[in-house]
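> Next comes the structure file my_file-v3.cif, holding mmCIF, C-alpha atoms.
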data_work
#
loop_
_atom_site.group_PDB
_atom_site.id
_atom_site.type_symbol
_atom_site.label_atom_id
_atom_site.label_comp_id
_atom_site.auth_asym_id
_atom_site.auth_seq_id
_atom_site.Cartn_x
_atom_site.Cartn_y
_atom_site.Cartn_z
ATOM 1 C CA VAL N 1 112.027 118.812 47.202
ATOM 2 C CA ALA N 2 110.871 117.349 43.875
ATOM 3 C CA SER N 3 113.889 115.062 43.777
ATOM 4 C CA ARG N 4 113.245 113.890 47.343
ATOM 5 C CA PHE N 5 109.600 113.303 46.470
ATOM 6 C CA VAL N 6 110.625 110.982 43.642
ATOM 7 C CA ASP N 7 113.073 109.147 45.920
ATOM 8 C CA VAL N 8 110.551 108.309 48.646
ATOM 9 C CA LEU N 9 107.872 107.567 46.054
ATOM 10 C CA LEU N 10 110.043 105.004 44.293
ATOM 11 C CA ASP N 11 111.267 103.296 47.461
ATOM 12 C CA GLY N 12 107.682 102.894 48.728
ATOM 13 C CA ARG N 13 108.017 104.944 51.897
ATOM 14 C CA LEU N 14 105.722 107.731 50.744
ATOM 15 C CA TRP N 15 102.880 105.326 49.991
ATOM 16 C CA LEU N 16 103.343 103.524 53.309
ATOM 17 C CA HIS N 17 103.257 106.663 55.442
ATOM 18 C CA THR N 18 100.536 108.384 53.407
ATOM 19 C CA SER N 19 98.218 105.378 53.437
ATOM 20 C CA THR N 20 98.765 104.933 57.190
ATOM 21 C CA THR N 21 97.819 108.534 57.931
ATOM 22 C CA ALA N 22 94.938 108.508 55.437
ATOM 23 C CA LEU N 23 93.364 105.456 57.064
ATOM 24 C CA GLN N 24 93.625 107.033 60.517
ATOM 25 C CA ILE N 25 92.113 110.271 59.213
ATOM 26 C CA ILE N 26 89.151 108.504 57.618
ATOM 27 C CA LEU N 27 88.440 106.368 60.678
ATOM 28 C CA GLY N 28 88.850 109.320 63.050
ATOM 29 C CA PHE N 29 86.594 111.501 60.930
ATOM 30 C CA ALA N 30 83.922 108.794 60.695
ATOM 31 C CA LEU N 31 84.024 108.097 64.439
ATOM 32 C CA GLY N 32 84.052 111.757 65.459
ATOM 33 C CA ALA N 33 81.280 112.704 63.028
ATOM 34 C CA THR N 34 79.042 109.822 64.113
ATOM 35 C CA LEU N 35 79.411 110.668 67.797
ATOM 36 C CA ALA N 36 79.088 114.421 67.255
ATOM 37 C CA ILE N 37 75.896 114.161 65.218
ATOM 38 C CA SER N 38 74.330 111.662 67.625
ATOM 39 C CA VAL N 39 75.193 113.568 70.792
ATOM 40 C CA GLY N 40 74.488 116.916 69.149
ATOM 41 C CA TYR N 41 70.954 115.892 68.280
ATOM 42 C CA VAL N 42 70.277 114.840 71.857
ATOM 43 C CA VAL N 43 71.771 118.083 73.168
ATOM 44 C CA ALA N 44 69.636 120.120 70.770
ATOM 45 C CA LYS N 45 66.471 118.385 71.942
ATOM 46 C CA SER N 46 67.175 118.405 75.686
ATOM 47 C CA LEU N 47 68.149 121.508 77.667
ATOM 48 C CA VAL N 48 68.710 119.365 80.760
ATOM 49 C CA PHE N 49 71.202 117.132 78.971
ATOM 50 C CA GLU N 50 72.898 120.221 77.546
ATOM 51 C CA ALA N 51 73.295 121.708 81.035
ATOM 52 C CA ILE N 52 74.892 118.468 82.257
ATOM 53 C CA VAL N 53 77.373 117.820 79.443
ATOM 54 C CA SER N 54 78.236 121.366 78.309
ATOM 55 C CA PRO N 55 80.756 122.084 81.123
ATOM 56 C CA ILE N 56 82.541 118.814 80.369
ATOM 57 C CA PHE N 57 82.675 119.460 76.631
ATOM 58 C CA ILE N 58 83.857 123.041 77.106
ATOM 59 C CA ALA N 59 86.618 121.930 79.481
ATOM 60 C CA ILE N 60 87.889 119.306 77.037
ATOM 61 C CA GLN N 61 87.574 121.590 74.019
ATOM 62 C CA SER N 62 89.484 124.405 75.729
ATOM 63 C CA THR N 63 92.440 122.086 76.301
ATOM 64 C CA PRO N 64 94.803 121.848 73.291
ATOM 65 C CA VAL N 65 94.813 118.416 71.696
ATOM 66 C CA VAL N 66 98.596 118.193 72.106
ATOM 67 C CA ALA N 67 98.058 118.246 75.872
ATOM 68 C CA TYR N 68 95.958 115.101 76.114
ATOM 69 C CA ALA N 69 97.359 113.227 73.107
ATOM 70 C CA PRO N 70 100.078 111.613 75.295
ATOM 71 C CA LEU N 71 97.359 110.327 77.637
ATOM 72 C CA LEU N 72 95.579 108.692 74.732
ATOM 73 C CA VAL N 73 98.818 106.939 73.777
ATOM 74 C CA ILE N 74 99.194 105.679 77.360
ATOM 75 C CA TRP N 75 95.595 104.445 77.486
ATOM 76 C CA PHE N 76 95.195 103.058 73.963
ATOM 77 C CA GLY N 77 98.763 102.247 72.969
ATOM 78 C CA SER N 78 101.043 103.602 70.287
ATOM 79 C CA GLY N 79 99.144 101.943 67.456
ATOM 80 C CA ALA N 80 96.439 103.339 65.219
ATOM 81 C CA ALA N 81 93.764 103.446 67.945
ATOM 82 C CA SER N 82 95.229 106.442 69.774
ATOM 83 C CA LYS N 83 95.598 108.391 66.509
ATOM 84 C CA VAL N 84 92.034 107.599 65.451
ATOM 85 C CA ILE N 85 90.678 108.727 68.820
ATOM 86 C CA THR N 86 92.770 111.910 68.754
ATOM 87 C CA SER N 87 91.424 112.685 65.294
ATOM 88 C CA ALA N 88 87.864 111.894 66.405
ATOM 89 C CA LEU N 89 88.136 114.209 69.400
ATOM 90 C CA ILE N 90 89.313 117.169 67.368
ATOM 91 C CA VAL N 91 86.455 116.541 64.898
ATOM 92 C CA PHE N 92 83.828 116.046 67.598
ATOM 93 C CA PHE N 93 83.396 119.472 69.176
ATOM 94 C CA PRO N 94 83.035 121.766 66.134
ATOM 95 C CA LEU N 95 80.625 119.338 64.498
ATOM 96 C CA LEU N 96 78.674 118.957 67.739
ATOM 97 C CA LEU N 97 78.022 122.712 67.760
ATOM 98 C CA ASN N 98 77.007 122.693 64.106
ATOM 99 C CA THR N 99 74.567 119.861 64.764
ATOM 100 C CA VAL N 100 72.976 121.686 67.691
ATOM 101 C CA VAL N 101 72.665 124.913 65.705
ATOM 102 C CA GLY N 102 71.297 123.060 62.687
ATOM 103 C CA VAL N 103 68.601 121.184 64.605
ATOM 104 C CA ARG N 104 67.569 124.284 66.552
ATOM 105 C CA SER N 105 67.373 126.347 63.369
ATOM 106 C CA VAL N 106 64.126 124.627 62.397
ATOM 107 C CA PRO N 107 61.351 127.249 62.683
ATOM 108 C CA ASN N 108 58.784 126.484 65.381
ATOM 109 C CA ASP N 109 55.894 127.274 63.068
ATOM 110 C CA GLN N 110 57.026 124.474 60.749
ATOM 111 C CA ARG N 111 57.110 122.076 63.683
ATOM 112 C CA ASP N 112 53.574 123.173 64.585
ATOM 113 C CA VAL N 113 52.389 122.467 61.037
ATOM 114 C CA MET N 114 53.886 118.974 61.170
ATOM 115 C CA ARG N 115 52.115 118.304 64.485
ATOM 116 C CA LEU N 116 48.813 119.589 63.087
ATOM 117 C CA LEU N 117 49.244 117.075 60.285
ATOM 118 C CA ASN N 118 49.676 114.348 62.928
ATOM 119 C CA ALA N 119 53.242 113.664 61.847
ATOM 120 C CA SER N 120 55.121 111.117 63.929
ATOM 121 C CA ARG N 121 58.436 111.918 65.608
ATOM 122 C CA TRP N 122 60.212 109.967 62.879
ATOM 123 C CA GLN N 123 58.449 111.956 60.160
ATOM 124 C CA ILE N 124 59.321 115.250 61.860
ATOM 125 C CA PHE N 125 62.932 114.132 62.141
ATOM 126 C CA TRP N 126 63.311 112.817 58.594
ATOM 127 C CA GLN N 127 61.122 115.234 56.652
ATOM 128 C CA LEU N 128 61.714 118.463 58.585
ATOM 129 C CA GLU N 129 64.724 118.438 60.899
ATOM 130 C CA VAL N 130 67.156 116.637 58.601
ATOM 131 C CA PRO N 131 66.560 118.844 55.515
ATOM 132 C CA ALA N 132 66.640 122.010 57.644
ATOM 133 C CA ALA N 133 69.857 121.057 59.446
ATOM 134 C CA LEU N 134 71.726 119.634 56.449
ATOM 135 C CA PRO N 135 73.216 122.915 55.122
ATOM 136 C CA ILE N 136 74.713 123.810 58.505
ATOM 137 C CA LEU N 137 75.704 120.216 59.217
ATOM 138 C CA LEU N 138 77.488 119.752 55.902
ATOM 139 C CA GLY N 139 79.311 123.036 56.401
ATOM 140 C CA GLY N 140 80.559 121.689 59.712
ATOM 141 C CA LEU N 141 81.561 118.426 58.080
ATOM 142 C CA LYS N 142 83.777 120.285 55.592
ATOM 143 C CA VAL N 143 85.624 122.031 58.405
ATOM 144 C CA SER N 144 85.852 118.842 60.460
ATOM 145 C CA ALA N 145 87.280 116.927 57.496
ATOM 146 C CA THR N 146 90.367 119.144 57.532
ATOM 147 C CA LEU N 147 90.582 119.059 61.334
ATOM 148 C CA ALA N 148 90.721 115.264 61.195
ATOM 149 C CA VAL N 149 94.088 115.573 59.452
ATOM 150 C CA ILE N 150 95.436 117.693 62.299
ATOM 151 C CA GLY N 151 94.246 115.211 64.918
ATOM 152 C CA ALA N 152 95.869 112.222 63.232
ATOM 153 C CA VAL N 153 99.195 114.007 62.748
ATOM 154 C CA VAL N 154 99.292 115.233 66.352
ATOM 155 C CA GLY N 155 98.856 111.638 67.490
ATOM 156 C CA GLU N 156 101.700 110.558 65.204
ATOM 157 C CA PHE N 157 103.946 113.278 66.586
ATOM 158 C CA VAL N 158 103.497 111.856 70.084
ATOM 159 C CA SER N 159 104.127 108.213 69.275
ATOM 160 C CA ALA N 160 104.115 106.339 65.977
ATOM 161 C CA LYS N 161 106.072 103.943 63.827
ATOM 162 C CA ALA N 162 104.507 105.024 60.536
ATOM 163 C CA GLY N 163 102.543 107.917 59.096
ATOM 164 C CA LEU N 164 103.280 111.358 57.706
ATOM 165 C CA GLY N 165 103.632 112.796 61.209
ATOM 166 C CA TYR N 166 106.244 110.170 61.977
ATOM 167 C CA LEU N 167 107.945 110.924 58.649
ATOM 168 C CA ILE N 168 108.168 114.620 59.557
ATOM 169 C CA GLU N 169 109.608 113.801 62.967
ATOM 170 C CA ARG N 170 112.164 111.452 61.427
ATOM 171 C CA ALA N 171 113.107 113.895 58.683
ATOM 172 C CA ASP N 172 113.500 116.686 61.228
ATOM 173 C CA TYR N 173 115.769 114.482 63.338
ATOM 174 C CA ASP N 174 117.891 113.759 60.263
ATOM 175 C CA PHE N 175 117.903 117.435 59.166
ATOM 176 C CA ASP N 176 116.213 116.313 55.941
ATOM 177 C CA THR N 177 114.338 119.517 55.138
ATOM 178 C CA PRO N 178 113.193 118.461 51.629
ATOM 179 C CA LEU N 179 111.550 115.373 53.109
ATOM 180 C CA VAL N 180 109.723 117.554 55.645
ATOM 181 C CA PHE N 181 108.292 119.581 52.765
ATOM 182 C CA VAL N 182 107.282 116.394 50.953
ATOM 183 C CA ALA N 183 105.334 115.214 54.002
ATOM 184 C CA ILE N 184 103.713 118.640 54.456
ATOM 185 C CA VAL N 185 102.600 118.697 50.828
ATOM 186 C CA MET N 186 101.075 115.233 51.192
ATOM 187 C CA LEU N 187 99.204 116.334 54.333
ATOM 188 C CA ALA N 188 97.858 119.340 52.460
ATOM 189 C CA LEU N 189 96.714 117.057 49.641
ATOM 190 C CA LEU N 190 94.993 114.710 52.095
ATOM 191 C CA ALA N 191 93.186 117.647 53.693
ATOM 192 C CA ARG N 192 92.122 118.894 50.279
ATOM 193 C CA VAL N 193 90.841 115.454 49.280
ATOM 194 C CA MET N 194 88.841 115.153 52.510
ATOM 195 C CA TYR N 195 87.373 118.615 52.051
ATOM 196 C CA GLY N 196 86.614 117.944 48.401
ATOM 197 C CA ALA N 197 84.869 114.659 49.202
ATOM 198 C CA VAL N 198 82.516 116.331 51.681
ATOM 199 C CA ALA N 199 81.968 119.244 49.281
ATOM 200 C CA TRP N 200 80.999 116.743 46.558
ATOM 201 C CA VAL N 201 78.492 115.098 48.902
ATOM 202 C CA GLU N 202 77.153 118.543 49.782
ATOM 203 C CA ARG N 203 76.577 119.392 46.126
ATOM 204 C CA ARG N 204 74.797 116.085 45.549
ATOM 205 C CA VAL N 205 72.632 116.249 48.652
ATOM 206 C CA LEU N 206 71.734 119.932 48.391
ATOM 207 C CA ARG N 207 71.019 120.043 44.682
ATOM 208 C CA TRP N 208 67.509 121.243 45.535
ATOM 209 C CA ARG N 209 68.997 124.494 46.863
ATOM 210 C CA VAL N 210 70.670 125.361 43.561
ATOM 211 C CA LYS N 211 68.596 127.840 41.558
#
How would this structure read if it were set down as structure tokens?

Amino acid sequence: VASRFVDVLLDGRLWLHTSTTALQIILGFALGATLAISVGYVVAKSLVFEAIVSPIFIAIQSTPVVAYAPLLVIWFGSGAASKVITSALIVFFPLLLNTVVGVRSVPNDQRDVMRLLNASRWQIFWQLEVPAALPILLGGLKVSATLAVIGAVVGEFVSAKAGLGYLIERADYDFDTPLVFVAIVMLALLARVMYGAVAWVERRVLRWRVK
């Protein structure tokens, strides 16, 4: 495996496939997180909206991503777009739940105090809801960061011309087991880097919680 790692590193293939997957992971994570936090906040604030969208979200979430990944390839092509969207979808639902739980975890008595102080909606959001929801939200972001790797690779398994998922498929076809292990190790490293990046942000943002 080490020898194969050196081979694909020197011929440039490892960098090509790793950078392709990494870019798709980052874009998918960013897209999924942005949508999840935005929609999650609206869901947390509106029971009517929650009643409307919850059945749809539950139906999609209960379907394995490998089932609808081929549809995304048909709709968005075999390029990076379908992989980014697959990654975003697998990130979306867990983070959506974390956002809803985080926003609803704000104690009502604290909201009442803010209203008594004539705080605006923006002040309540920025000074109360955001700090209260951040611990739960950042915990969800750490989990979602690793899920983004799964989403991108699933999309590459379905249809791709580059990426670590494609490299695994190609190596499997060629019975190149060491190369499969090389790709798996690189995926694990990408997941660890994503998790570590969010954990670093968490430590910086939540320094006030450290005693």
> Which residues are near Pro70 in chain N? Cut-off 12 Å, all atoms listed in the file, ignore same chain within fewer than 5 positions. Put them as a list in words.
Pro64, Val65, Trp75, Phe76, Gly77, Ser78, Ser82, Lys83, Ile85, Thr86, Val154, Gly155, Glu156, Phe157, Val158, Ser159 and Ala160 of chain N
> Can you work out the spacing between CA of Lys45 in chain N and CA of Arg104 in chain N in Å, to one decimal?
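So the two atoms, CA of Lys45 in chain N and CA of Arg104 in chain N, lie 8.1 Å apart.
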> The PyMOL selection byres ((chain N and resi 137) around 8) - which residues does that actually catch in the file I just gave you? List them as a list in words.
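Evaluating the PyMOL selection byres ((chain N and resi 137) around 8) on these coordinates yields Leu95, Asn98, Thr99, Gly102, Ala133, Leu134, Pro135, Ile136, Leu138, Gly139, Gly140 and Leu141 of chain N.
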> For this structure, which residues satisfy the selection - the PyMOL selection byres ((chain N and resi 193-209) around 6) - when it is evaluated on the file as given? I want them as an mmCIF file with C-alpha atoms, in the frame of the given file.

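As a result, out_35.cif now contains:
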data_model
loop_
_atom_site.group_PDB
_atom_site.id
_atom_site.type_symbol
_atom_site.label_atom_id
_atom_site.label_comp_id
_atom_site.auth_asym_id
_atom_site.auth_seq_id
_atom_site.Cartn_x
_atom_site.Cartn_y
_atom_site.Cartn_z
ATOM 1 C CA LYS N 142 83.777 120.285 55.592
ATOM 2 C CA ALA N 145 87.280 116.927 57.496
ATOM 3 C CA LEU N 190 94.993 114.710 52.095
ATOM 4 C CA ALA N 191 93.186 117.647 53.693
ATOM 5 C CA ARG N 192 92.122 118.894 50.279
ATOM 6 C CA VAL N 210 70.670 125.361 43.561
#
> Taking only C-alpha atoms into account, which of N:Ala132, N:Ser3, N:Phe92, N:Val182 comes nearest Pro107 in chain N?
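Of the candidates, the smallest distance to Pro107 in chain N is held by N:Ala132.
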> Grab the CA of Val48 in chain N to CA of Met114 in chain N distance for me, in Å with one decimal place.
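Going from CA of Val48 in chain N over to CA of Met114 in chain N covers 24.6 Å.
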> I need the residue set behind the PyMOL selection byres ((chain N and resi 162-168) around 6) for this file; please write it as JSON, numbers by chain.
{"N": [17, 18, 20, 21, 153, 156, 157, 160, 161, 169, 170, 171, 172, 180, 183]}
> What does the file look like for those residues with C-alpha atoms, as a compact mmCIF listing (two decimals), in the frame of the given file?

# COMPACT_ATOMS: atom_id res chain seq x y z
CA HIS N 17 103.26 106.66 55.44
CA THR N 18 100.54 108.38 53.41
CA THR N 20 98.76 104.93 57.19
CA THR N 21 97.82 108.53 57.93
CA VAL N 153 99.20 114.01 62.75
CA GLU N 156 101.70 110.56 65.20
CA PHE N 157 103.95 113.28 66.59
CA ALA N 160 104.12 106.34 65.98
CA LYS N 161 106.07 103.94 63.83
CA GLU N 169 109.61 113.80 62.97
CA ARG N 170 112.16 111.45 61.43
CA ALA N 171 113.11 113.90 58.68
CA ASP N 172 113.50 116.69 61.23
CA VAL N 180 109.72 117.55 55.64
CA ALA N 183 105.33 115.21 54.00
> Could you write out as JSON the box around range 59-64 of chain N (axis-aligned, all atoms listed in the file, 3 Å on each side), with centre and edge lengths in Å to one decimal?

{"center_x": 90.7, "center_y": 121.9, "center_z": 76.4, "size_x": 14.2, "size_y": 11.1, "size_z": 12.2}
